[in-house]
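Engineer: File protein_10.csv below, CSV, C-alpha atoms:
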chain,number,residue,atom,x,y,z
A,1,MET,CA,-6.9,-17.3,-14.2
A,2,GLN,CA,-3.4,-17.8,-12.7
A,3,PRO,CA,-0.5,-18.6,-15.1
A,4,ASP,CA,0.8,-22.2,-15.2
A,5,ILE,CA,4.0,-22.3,-13.2
A,6,ARG,CA,6.3,-25.3,-13.2
A,7,PRO,CA,6.7,-26.9,-9.8
A,8,GLY,CA,10.1,-27.4,-8.3
A,9,THR,CA,11.4,-24.1,-9.7
A,10,HIS,CA,12.8,-23.0,-6.3
A,11,PRO,CA,14.8,-24.8,-3.6
A,12,GLU,CA,13.3,-25.8,-0.3
A,13,GLN,CA,13.2,-23.0,2.3
A,14,GLU,CA,16.1,-22.4,4.6
A,15,PRO,CA,15.2,-23.5,8.1
A,16,GLU,CA,15.2,-19.9,9.5
A,17,SER,CA,12.9,-18.7,6.7
A,18,GLY,CA,10.6,-21.7,7.1
A,19,ALA,CA,10.3,-21.2,10.9
A,20,ARG,CA,9.6,-17.5,10.4
A,21,ALA,CA,6.8,-18.2,7.9
A,22,ALA,CA,5.3,-20.9,10.0
A,23,ALA,CA,5.1,-18.6,13.0
A,24,ARG,CA,3.0,-16.1,11.0
A,25,GLN,CA,-0.7,-16.1,10.3
A,26,VAL,CA,-2.4,-15.2,7.1
A,27,GLN,CA,-4.1,-11.8,7.7
A,28,SER,CA,-6.5,-9.6,5.8
A,29,SER,CA,-6.4,-5.9,5.4
A,30,ALA,CA,-7.4,-3.2,2.8
A,31,HIS,CA,-6.3,0.0,1.2
A,32,GLY,CA,-7.3,3.3,2.7
A,33,PRO,CA,-10.3,4.5,0.7
A,34,MET,CA,-13.8,3.7,2.1
A,35,PRO,CA,-17.3,4.9,1.1
A,36,GLY,CA,-19.2,7.6,2.9
A,37,THR,CA,-18.3,10.7,4.9
A,38,ASP,CA,-18.6,9.5,8.5
A,39,PRO,CA,-15.2,8.7,9.9
A,40,MET,CA,-16.5,6.8,13.0
A,41,GLU,CA,-18.8,4.7,10.8
A,42,SER,CA,-15.8,3.7,8.7
A,43,VAL,CA,-13.6,2.9,11.8
A,44,LEU,CA,-16.3,0.7,13.3
A,45,VAL,CA,-16.8,-1.2,10.0
A,46,ILE,CA,-13.1,-1.7,9.5
A,47,ARG,CA,-12.3,-2.8,13.0
A,48,GLY,CA,-15.5,-4.9,13.2
A,49,GLU,CA,-14.8,-6.8,10.0
A,50,ILE,CA,-10.9,-7.0,9.9
A,51,GLY,CA,-10.0,-6.4,13.5
A,52,ALA,CA,-7.6,-8.7,15.4
A,53,PRO,CA,-6.2,-11.1,14.4
A,54,ASN,CA,-6.3,-9.2,11.0
A,55,LEU,CA,-4.8,-5.9,10.2
A,56,PRO,CA,-7.3,-3.0,10.3
A,57,HIS,CA,-6.3,0.2,8.4
A,58,LEU,CA,-6.6,3.9,8.8
A,59,HIS,CA,-9.5,5.0,6.5
A,60,GLN,CA,-9.6,7.6,3.9
A,61,LEU,CA,-12.9,9.1,2.8
A,62,PRO,CA,-12.8,10.7,-0.7
A,63,ASP,CA,-16.5,11.4,-0.7
A,64,ARG,CA,-15.8,14.3,1.7
A,65,GLY,CA,-14.3,16.1,-1.2
A,66,VAL,CA,-11.2,18.1,-1.8
A,67,GLY,CA,-8.4,17.4,0.6
A,68,SER,CA,-9.6,13.8,1.3
A,69,ASP,CA,-8.1,12.5,-1.9
A,70,ALA,CA,-4.9,10.4,-1.8
A,71,ILE,CA,-2.5,13.1,-3.2
A,72,GLY,CA,-4.0,15.9,-1.0
A,73,ARG,CA,-3.6,13.8,2.1
A,74,GLY,CA,-0.2,12.4,1.1
A,75,ALA,CA,1.1,16.0,0.6
A,76,GLN,CA,0.3,16.7,4.2
A,77,LEU,CA,3.1,14.4,5.2
A,78,LEU,CA,5.8,16.5,3.5
A,79,GLU,CA,8.3,18.2,5.8
A,80,GLU,CA,8.8,22.0,5.1
A,81,MET,CA,7.0,21.7,1.7
A,82,LEU,CA,3.6,23.2,1.3
A,83,VAL,CA,0.9,22.8,-1.4
A,84,ASP,CA,-2.2,24.5,-2.7
A,85,LEU,CA,-4.8,23.3,-5.2
A,86,GLN,CA,-5.0,24.6,-8.8
A,87,PRO,CA,-7.3,23.7,-11.6
A,88,TYR,CA,-4.7,21.2,-12.9
A,89,GLY,CA,-4.1,19.6,-9.5
A,90,TRP,CA,-2.0,20.0,-6.3
A,91,ARG,CA,0.9,22.4,-6.6
A,92,LEU,CA,4.0,22.9,-4.5
A,93,ALA,CA,3.6,26.4,-3.0
A,94,ALA,CA,5.1,29.0,-0.7
A,95,ALA,CA,2.0,28.9,1.6
A,96,PRO,CA,-0.7,26.4,2.2
A,97,GLY,CA,-4.0,27.0,0.4
A,98,ILE,CA,-7.4,26.6,2.0
A,99,ASP,CA,-7.8,23.2,0.4
A,100,ALA,CA,-4.5,22.1,2.0
A,101,ARG,CA,-5.7,23.2,5.4
A,102,ARG,CA,-8.9,21.2,4.8
A,103,ALA,CA,-6.7,18.1,4.0
A,104,ALA,CA,-4.7,18.6,7.2
A,105,SER,CA,-7.9,19.0,9.2
A,106,ALA,CA,-9.5,15.9,7.7
A,107,LEU,CA,-6.4,13.8,8.6
A,108,ARG,CA,-6.4,15.1,12.2
A,109,THR,CA,-10.1,14.3,12.5
A,110,ASP,CA,-9.5,10.7,11.2
A,111,LEU,CA,-6.7,10.1,13.6
A,112,ASN,CA,-8.6,11.4,16.5
A,113,VAL,CA,-11.6,9.3,15.7
A,114,LEU,CA,-9.4,6.2,15.3
A,115,ALA,CA,-7.7,6.9,18.6
A,116,ASP,CA,-11.1,7.3,20.4
A,117,ALA,CA,-12.3,4.0,18.9
A,118,ILE,CA,-9.2,2.1,19.9
A,119,GLY,CA,-9.4,3.6,23.4
A,120,ALA,CA,-12.9,2.4,23.8
A,121,GLU,CA,-12.1,-1.2,22.8
A,122,GLU,CA,-11.6,-3.8,25.5
A,123,SER,CA,-9.4,-5.9,23.4
A,124,GLY,CA,-9.2,-4.6,19.8
A,125,GLY,CA,-5.8,-5.9,19.0
A,126,THR,CA,-2.4,-4.1,18.7
A,127,GLU,CA,-1.9,-3.9,15.0
A,128,LEU,CA,-2.7,-1.1,12.5
A,129,LYS,CA,-1.9,-0.4,8.9
A,130,ILE,CA,-1.5,3.1,7.4
A,131,GLN,CA,-1.0,4.0,3.8
A,132,PHE,CA,0.2,7.0,1.7
A,133,PRO,CA,1.5,7.7,-1.8
A,134,GLY,CA,5.2,7.0,-2.3
A,135,PRO,CA,7.7,9.5,-3.6
A,136,ALA,CA,7.3,8.5,-7.3
A,137,THR,CA,3.6,8.9,-7.2
A,138,LEU,CA,3.7,12.2,-5.3
A,139,ALA,CA,6.3,13.6,-7.7
A,140,ALA,CA,4.1,12.5,-10.6
A,141,ASN,CA,1.0,14.2,-9.3
A,142,LEU,CA,2.3,17.3,-7.5
A,143,HIS,CA,3.1,20.3,-9.8
A,144,LEU,CA,5.7,23.0,-9.9
A,145,HIS,CA,4.9,26.7,-9.8
A,146,HIS,CA,4.7,26.8,-13.6
A,147,GLY,CA,2.3,23.8,-13.8
A,148,GLU,CA,4.6,21.0,-14.9
A,149,ARG,CA,4.8,17.8,-12.8
A,150,ALA,CA,7.5,17.9,-10.1
A,151,VAL,CA,9.0,14.6,-11.4
A,152,SER,CA,10.2,16.5,-14.5
A,153,ASP,CA,12.8,18.4,-12.4
A,154,HIS,CA,15.6,16.5,-10.8
A,155,GLY,CA,16.1,18.8,-7.9
A,156,ALA,CA,12.4,19.1,-7.1
A,157,ARG,CA,11.9,15.3,-7.1
A,158,ARG,CA,15.0,14.8,-4.9
A,159,ASP,CA,13.8,17.4,-2.4
A,160,LEU,CA,10.3,15.9,-2.4
A,161,ALA,CA,11.7,12.4,-1.7
A,162,GLN,CA,13.7,13.7,1.2
A,163,SER,CA,10.8,15.8,2.5
A,164,LEU,CA,8.5,12.8,2.4
A,165,ALA,CA,11.0,10.6,4.3
A,166,LEU,CA,11.3,13.1,7.1
A,167,GLY,CA,7.6,13.8,7.3
A,168,ALA,CA,6.5,10.2,7.0
A,169,ALA,CA,8.7,9.2,9.9
A,170,ARG,CA,7.2,12.0,12.0
A,171,HIS,CA,3.7,11.0,10.9
A,172,LEU,CA,4.3,7.4,11.9
A,173,GLU,CA,5.5,8.5,15.4
A,174,ALA,CA,2.4,10.7,15.8
A,175,VAL,CA,0.1,7.9,14.8
A,176,SER,CA,1.8,5.5,17.2
A,177,ARG,CA,1.6,8.0,20.0
A,178,MET,CA,-2.1,8.8,19.4
A,179,THR,CA,-3.2,5.2,19.1
A,180,GLY,CA,-1.4,3.9,22.2
A,181,GLY,CA,1.7,2.4,20.7
A,182,GLN,CA,0.0,0.2,18.1
A,183,LYS,CA,2.3,-2.1,16.0
A,184,ILE,CA,2.0,-0.1,12.8
A,185,THR,CA,2.6,-1.4,9.2
A,186,VAL,CA,3.2,1.2,6.6
A,187,TYR,CA,2.0,0.6,3.0
A,188,ILE,CA,3.8,2.8,0.5
A,189,ASP,CA,1.4,3.1,-2.5
A,190,GLU,CA,3.1,3.6,-5.8
A,191,PRO,CA,0.5,3.4,-8.6
A,192,ASP,CA,2.5,5.7,-10.9
A,193,ALA,CA,5.9,4.2,-10.3
A,194,GLY,CA,5.8,2.2,-13.5
A,195,ALA,CA,5.0,5.2,-15.6
A,196,VAL,CA,7.8,7.2,-13.9
A,197,LEU,CA,10.3,4.4,-14.6
A,198,ASN,CA,9.2,3.8,-18.2
A,199,GLY,CA,8.9,7.4,-19.2
A,200,THR,CA,5.2,7.0,-20.2
A,201,LEU,CA,3.9,9.7,-17.8
A,202,PRO,CA,2.3,12.6,-19.9
A,203,THR,CA,3.3,16.2,-19.4
A,204,SER,CA,0.7,18.5,-17.9
A,205,SER,CA,-0.2,19.6,-21.4
A,206,GLY,CA,-0.6,16.0,-22.6
A,207,TYR,CA,1.3,16.7,-25.8
A,208,ARG,CA,4.3,14.6,-24.9
A,209,THR,CA,5.7,12.3,-22.2
A,210,LEU,CA,8.2,13.0,-19.5
A,211,ARG,CA,11.7,11.5,-19.6
A,212,SER,CA,12.0,8.3,-17.6
A,213,VAL,CA,13.6,8.3,-14.1
A,214,PRO,CA,16.5,5.9,-13.7
A,215,ALA,CA,15.8,2.8,-11.6
A,216,ALA,CA,18.8,3.7,-9.3
A,217,GLU,CA,17.2,7.0,-8.5
A,218,LEU,CA,13.9,5.4,-7.7
A,219,ARG,CA,15.7,2.8,-5.5
A,220,GLY,CA,17.4,5.7,-3.6
A,221,TRP,CA,14.0,7.4,-2.9
A,222,TRP,CA,12.5,4.2,-1.6
A,223,SER,CA,15.6,3.3,0.4
A,224,GLU,CA,15.6,6.6,2.2
A,225,LEU,CA,11.9,6.4,3.0
A,226,VAL,CA,12.1,2.7,4.1
A,227,GLU,CA,15.1,3.5,6.4
A,228,ALA,CA,13.3,6.5,7.9
A,229,LEU,CA,10.1,4.5,8.6
A,230,GLN,CA,12.0,1.6,10.1
A,231,GLY,CA,14.0,4.0,12.3
A,232,ALA,CA,10.7,5.6,13.4
A,233,GLY,CA,9.5,2.1,14.6
A,234,ALA,CA,7.5,0.7,11.7
A,235,ALA,CA,6.7,-2.9,12.3
A,236,GLU,CA,6.8,-3.6,8.5
A,237,VAL,CA,7.2,-1.4,5.4
A,238,VAL,CA,5.4,-2.5,2.3
A,239,ILE,CA,6.0,-1.1,-1.2
A,240,GLY,CA,3.0,-1.7,-3.5
A,241,ALA,CA,3.8,-0.6,-7.1
A,242,GLU,CA,1.5,-1.0,-10.1
A,243,ALA,CA,2.8,-1.5,-13.6
A,244,GLU,CA,2.8,-3.7,-16.7
A,245,PRO,CA,3.9,-7.3,-15.7
A,246,GLY,CA,7.5,-6.9,-17.0
A,247,THR,CA,7.9,-3.5,-15.3
A,248,TRP,CA,6.3,-4.8,-12.1
A,249,THR,CA,8.9,-7.4,-11.8
A,250,SER,CA,11.6,-4.8,-12.1
A,251,LEU,CA,9.9,-2.5,-9.6
A,252,ALA,CA,9.5,-5.4,-7.1
A,253,ALA,CA,13.2,-6.2,-7.4
A,254,THR,CA,14.0,-2.6,-6.8
A,255,ALA,CA,11.7,-2.4,-3.8
A,256,LEU,CA,13.5,-5.4,-2.3
A,257,GLU,CA,16.9,-3.9,-3.0
A,258,ALA,CA,15.6,-0.7,-1.2
A,259,GLY,CA,15.0,-2.7,2.0
A,260,ALA,CA,11.2,-3.2,1.9
A,261,ASP,CA,9.9,-5.9,4.3
A,262,ALA,CA,7.0,-6.8,2.0
A,263,LEU,CA,5.7,-6.4,-1.5
A,264,GLY,CA,2.2,-5.4,-2.7
A,265,ALA,CA,0.7,-6.9,-5.9
A,266,ASN,CA,-2.6,-7.9,-7.5
A,267,ALA,CA,-2.9,-11.6,-8.2
A,268,ALA,CA,-4.8,-11.0,-11.5
A,269,SER,CA,-1.9,-9.0,-13.0
A,270,LEU,CA,1.0,-11.4,-12.1
A,271,THR,CA,2.7,-13.4,-14.7
A,272,VAL,CA,5.2,-16.3,-14.3
A,273,PRO,CA,8.3,-14.1,-13.8
A,274,GLY,CA,6.4,-12.1,-11.1
A,275,TRP,CA,5.3,-15.2,-9.3
A,276,GLU,CA,8.8,-16.6,-9.4
A,277,LEU,CA,10.2,-13.4,-8.0
A,278,ILE,CA,7.6,-13.6,-5.2
A,279,ALA,CA,8.5,-17.2,-4.5
A,280,GLY,CA,12.1,-16.3,-3.9
A,281,ALA,CA,11.2,-13.3,-1.8
A,282,VAL,CA,8.8,-15.4,0.4
A,283,GLU,CA,11.5,-18.0,0.9
A,284,SER,CA,13.7,-15.2,2.2
A,285,GLY,CA,11.1,-14.1,4.7
A,286,THR,CA,9.4,-11.3,2.7
A,287,ARG,CA,5.6,-10.9,3.1
A,288,LEU,CA,3.3,-10.6,0.2
A,289,TRP,CA,0.3,-8.2,0.3
A,290,LEU,CA,-1.9,-9.8,-2.3
A,291,GLY,CA,-4.9,-8.2,-4.0
A,292,THR,CA,-7.2,-11.2,-4.3
A,293,VAL,CA,-10.7,-9.6,-4.7
A,294,ASP,CA,-12.0,-7.3,-7.5
A,295,ALA,CA,-14.3,-5.2,-5.3
A,296,GLY,CA,-16.6,-4.5,-8.3
A,297,ALA,CA,-17.2,-8.1,-9.2
A,298,LYS,CA,-19.0,-11.0,-7.5
A,299,LEU,CA,-17.2,-12.2,-4.4
A,300,PRO,CA,-16.0,-15.8,-4.7
A,301,GLY,CA,-16.9,-18.3,-2.1
A,302,VAL,CA,-14.3,-19.3,0.5
A,303,VAL,CA,-13.5,-22.7,-1.1
A,304,GLU,CA,-13.1,-21.1,-4.6
A,305,ALA,CA,-10.9,-18.3,-3.2
A,306,VAL,CA,-8.7,-20.5,-1.2
A,307,SER,CA,-8.2,-22.8,-4.2
A,308,ALA,CA,-7.3,-19.9,-6.4
A,309,ILE,CA,-4.7,-18.6,-3.9
A,310,ARG,CA,-3.1,-22.0,-3.3
A,311,ARG,CA,-2.8,-22.9,-7.0
A,312,PRO,CA,0.2,-20.8,-7.8
A,313,TRP,CA,1.6,-21.5,-4.4
A,314,ARG,CA,1.7,-25.3,-5.1
A,315,GLN,CA,3.0,-24.7,-8.7
A,316,LEU,CA,5.9,-22.8,-7.2
A,317,GLY,CA,6.7,-25.6,-4.8
A,318,LEU,CA,6.0,-23.4,-1.7
A,319,PRO,CA,4.7,-25.3,1.3
A,320,ASP,CA,1.4,-24.6,3.0
A,321,ALA,CA,3.3,-23.4,6.0
A,322,ALA,CA,4.6,-20.5,4.0
A,323,LEU,CA,1.0,-19.2,3.4
A,324,GLY,CA,1.6,-17.2,6.6
A,325,ALA,CA,3.6,-14.8,4.4
A,326,LEU,CA,0.2,-13.6,2.9
A,327,VAL,CA,-1.9,-10.5,3.7
A,328,LEU,CA,-5.1,-10.6,1.7
A,329,MET,CA,-6.3,-7.3,0.2
A,330,PRO,CA,-8.9,-6.1,-2.3
A,331,SER,CA,-7.4,-5.1,-5.6
A,332,ALA,CA,-8.2,-1.4,-5.0
A,333,GLY,CA,-9.8,0.9,-2.5
A,334,LEU,CA,-13.5,0.5,-1.7
A,335,ALA,CA,-14.7,4.1,-2.0
A,336,GLU,CA,-16.7,3.4,-5.1
A,337,LEU,CA,-18.8,0.8,-3.4
A,338,SER,CA,-21.9,1.2,-1.2
A,339,PRO,CA,-21.2,0.9,2.6
A,340,PRO,CA,-22.9,-2.6,2.7
A,341,GLN,CA,-20.8,-3.8,-0.3
A,342,ALA,CA,-17.6,-2.5,1.3
A,343,THR,CA,-18.5,-4.3,4.6
A,344,ALA,CA,-19.1,-7.5,2.6
A,345,VAL,CA,-15.7,-7.3,0.9
A,346,LEU,CA,-13.9,-6.9,4.2
A,347,GLY,CA,-15.8,-9.7,5.9
A,348,ARG,CA,-15.1,-12.1,3.0
A,349,LEU,CA,-11.4,-11.3,3.1
A,350,ALA,CA,-11.3,-12.1,6.8
A,351,SER,CA,-13.1,-15.5,6.0
A,352,TYR,CA,-10.5,-16.3,3.3
A,353,ALA,CA,-7.6,-15.6,5.8
A,354,GLU,CA,-9.2,-17.8,8.4
A,355,ALA,CA,-9.6,-20.7,6.0
A,356,LEU,CA,-6.1,-20.3,4.7
A,357,ASN,CA,-4.8,-20.4,8.3
A,358,GLN,CA,-6.6,-23.7,8.8
A,359,VAL,CA,-4.9,-25.0,5.6
A,360,ARG,CA,-1.6,-23.8,6.9
A,361,VAL,CA,-2.0,-25.6,10.2
A,362,ASP,CA,-3.4,-28.8,8.8
A,363,GLY,CA,-0.8,-28.9,6.0
Can you dump the structure from the file as structure tokens?

Structural biologist:
Amino acid sequence: MQPDIRPGTHPEQEPESGARAAARQVQSSAHGPMPGTDPMESVLVIRGEIGAPNLPHLHQLPDRGVGSDAIGRGAQLLEEMLVDLQPYGWRLAAAPGIDARRAASALRTDLNVLADAIGAEESGGTELKIQFPGPATLAANLHLHHGERAVSDHGARRDLAQSLALGAARHLEAVSRMTGGQKITVYIDEPDAGAVLNGTLPTSSGYRTLRSVPAAELRGWWSELVEALQGAGAAEVVIGAEAEPGTWTSLAATALEAGADALGANAASLTVPGWELIAGAVESGTRLWLGTVDAGAKLPGVVEAVSAIRRPWRQLGLPDAALGALVLMPSAGLAELSPPQATAVLGRLASYAEALNQVRVDG
């Protein structure tokens, strides 16, 4: 259930922001993880269910095993920093291990398959979304040579953030080149940013927690990454951070200060302050990538879903024309679902977006 938000909390949109929002369409997209091990099957499902005018994504297939996980894949973007896999997780290393080589090979395969699929389409659209872990999440999950998390060392986490900014920009340029100049949105996934900011991340031993990272340092990481991606031609850079409601509001404000074009959030976890921050951001032209579907639960019908999405919108005093700021997402990746279930989630999200676009036009 959405929180009760008092109407009229925010002023009317400025004319420029209103015009920009009205020109947009509601779109649907998804996170990277998909079920199965066949990359072409995933590509065809994704592009079949949420192709143009929606925003299909580059898939990730964790069922293929080591190297196809989010951290293993994200580490492949690092510039001049290598990793290997240890019993406690991925570790920064002097040379890549066999598991790192598998991760790099899986990423190359996925990009080649995607490029082939796009090349075979007569009119498959020109937009694509890619996703990878952000600097806070990578620093929280990559380990130093002695086994502790990289985020525990100021120099290591600084170097990692710089390496990711350089490597992510090159990755974006490569994806654009391989896919024929698609208009690419980059989603920076930060599920561990809240724990890094709050100092609740456990040490590798689990006996204590690591010291919190200052918000100014986190903002610096994100700003460097956003700037690099925008310089490499990103159509939009989204920062999606997960945290407790109060911390999420702080993280979202930090992401906006870092220059993010859009915010990612799950509707079910937003409280009044979070919605109010979002309203101000939307009025300023920021997009909202909103997790609206719990993939493990029964999918709501179109009328029910549209009503649930519009409710906080109306309570905040936002006009229907501003619904174009929305990109509808599942609340998490779909890898735990069966292929038919994942297909159904993507199709339902596309139907929600279509219905909201009708509301936006009629309103």

Engineer: Which residues of region 239-347 of chain A come within 10 Å of region 133-156 of chain A, and what is each one's closest atom pair and distance in Å (one decimal), counting all atoms listed in the file, sorted by chain and residue number, as a tab-separated table?

Structural biologist:
residue	atom	partner	partner_atom	distance
A:Ile239	CA	A:Gly134	CA	8.2
A:Gly240	CA	A:Gly134	CA	9.1
A:Ala241	CA	A:Gly134	CA	9.1

Engineer: Using all atoms listed in the file, which protein or nucleic acid residues come within 10 Å of region 227-232 of chain A? Drop anything in the same chain fewer than 3 positions from it, and give the result as a list of chain:residue names.

Structural biologist: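 The neighbour list is A:Gln162, A:Leu164, A:Ala165, A:Leu166, A:Gly167, A:Ala168, A:Ala169, A:Arg170, A:His171, A:Leu172, A:Glu173, A:Ser176, A:Thr185, A:Val186, A:Trp222, A:Ser223, A:Glu224, A:Ala235, A:Glu236, A:Val237, A:Ala258, A:Gly259, A:Ala260, A:Asp261.
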
Engineer: Please report the interatomic distance between CA of Gly347 (chain A) and CA of Gly274 (chain A) in Å with one decimal.

Structural biologist: 28.1 Å

Engineer: In Å, rounded to a single decimal, give me how far CA of Phe132 (chain A) is from CA of Val238 (chain A).

Structural biologist: 10.8 Å

Engineer: In Å to one decimal, how far is CA of Gln182 (chain A) from CA of His31 (chain A)?

Structural biologist: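 Interatomic distance here is 18.0 Å.
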
Engineer: Report as JSON, numbers by chain all protein, DNA and RNA residues lying within 12 Å of region 332-345 of chain A, evaluated on all atoms listed in the file, omitting residues in the same chain fewer than 6 positions from it.

Structural biologist: {"A": [28, 29, 30, 31, 32, 33, 34, 35, 36, 37, 38, 41, 42, 43, 44, 45, 46, 47, 48, 49, 50, 57, 59, 60, 61, 62, 63, 64, 68, 69, 70, 131, 189, 191, 240, 242, 264, 265, 266, 267, 290, 291, 292, 293, 294, 295, 296, 297, 298, 299, 300, 301, 351, 352]}

Engineer: Dump region 179-209 of chain A with C-alpha atoms to a file, as an mmCIF file, in the first residue's frame.

Structural biologist:
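Now in out.cif:
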data_model
loop_
_atom_site.group_PDB
_atom_site.id
_atom_site.type_symbol
_atom_site.label_atom_id
_atom_site.label_comp_id
_atom_site.auth_asym_id
_atom_site.auth_seq_id
_atom_site.Cartn_x
_atom_site.Cartn_y
_atom_site.Cartn_z
ATOM 1 C CA THR A 179 25.003 -2.707 -31.562
ATOM 2 C CA GLY A 180 25.034 -0.165 -34.367
ATOM 3 C CA GLY A 181 24.908 3.058 -32.396
ATOM 4 C CA GLN A 182 21.946 2.287 -30.178
ATOM 5 C CA LYS A 183 20.782 5.035 -27.816
ATOM 6 C CA ILE A 184 22.047 3.483 -24.587
ATOM 7 C CA THR A 185 20.815 4.082 -21.054
ATOM 8 C CA VAL A 186 23.149 3.003 -18.252
ATOM 9 C CA TYR A 187 21.675 1.778 -14.957
ATOM 10 C CA ILE A 188 24.190 1.893 -12.104
ATOM 11 C CA ASP A 189 23.029 -0.722 -9.609
ATOM 12 C CA GLU A 190 23.915 0.039 -5.986
ATOM 13 C CA PRO A 191 22.200 -2.497 -3.682
ATOM 14 C CA ASP A 192 24.952 -2.135 -1.057
ATOM 15 C CA ALA A 193 25.246 1.662 -1.068
ATOM 16 C CA GLY A 194 23.058 1.995 2.027
ATOM 17 C CA ALA A 195 25.200 -0.397 4.050
ATOM 18 C CA VAL A 196 28.374 1.364 2.881
ATOM 19 C CA LEU A 197 26.977 4.770 3.854
ATOM 20 C CA ASN A 198 25.586 3.620 7.217
ATOM 21 C CA GLY A 199 28.524 1.490 8.303
ATOM 22 C CA THR A 200 26.417 -1.680 8.573
ATOM 23 C CA LEU A 201 28.439 -3.784 6.127
ATOM 24 C CA PRO A 202 29.999 -6.756 7.979
ATOM 25 C CA THR A 203 33.687 -7.488 7.746
ATOM 26 C CA SER A 204 34.737 -10.632 5.906
ATOM 27 C CA SER A 205 34.965 -12.452 9.229
ATOM 28 C CA GLY A 206 31.475 -11.291 10.197
ATOM 29 C CA TYR A 207 32.574 -10.382 13.736
ATOM 30 C CA ARG A 208 32.170 -6.625 13.323
ATOM 31 C CA THR A 209 31.066 -4.011 10.830
#
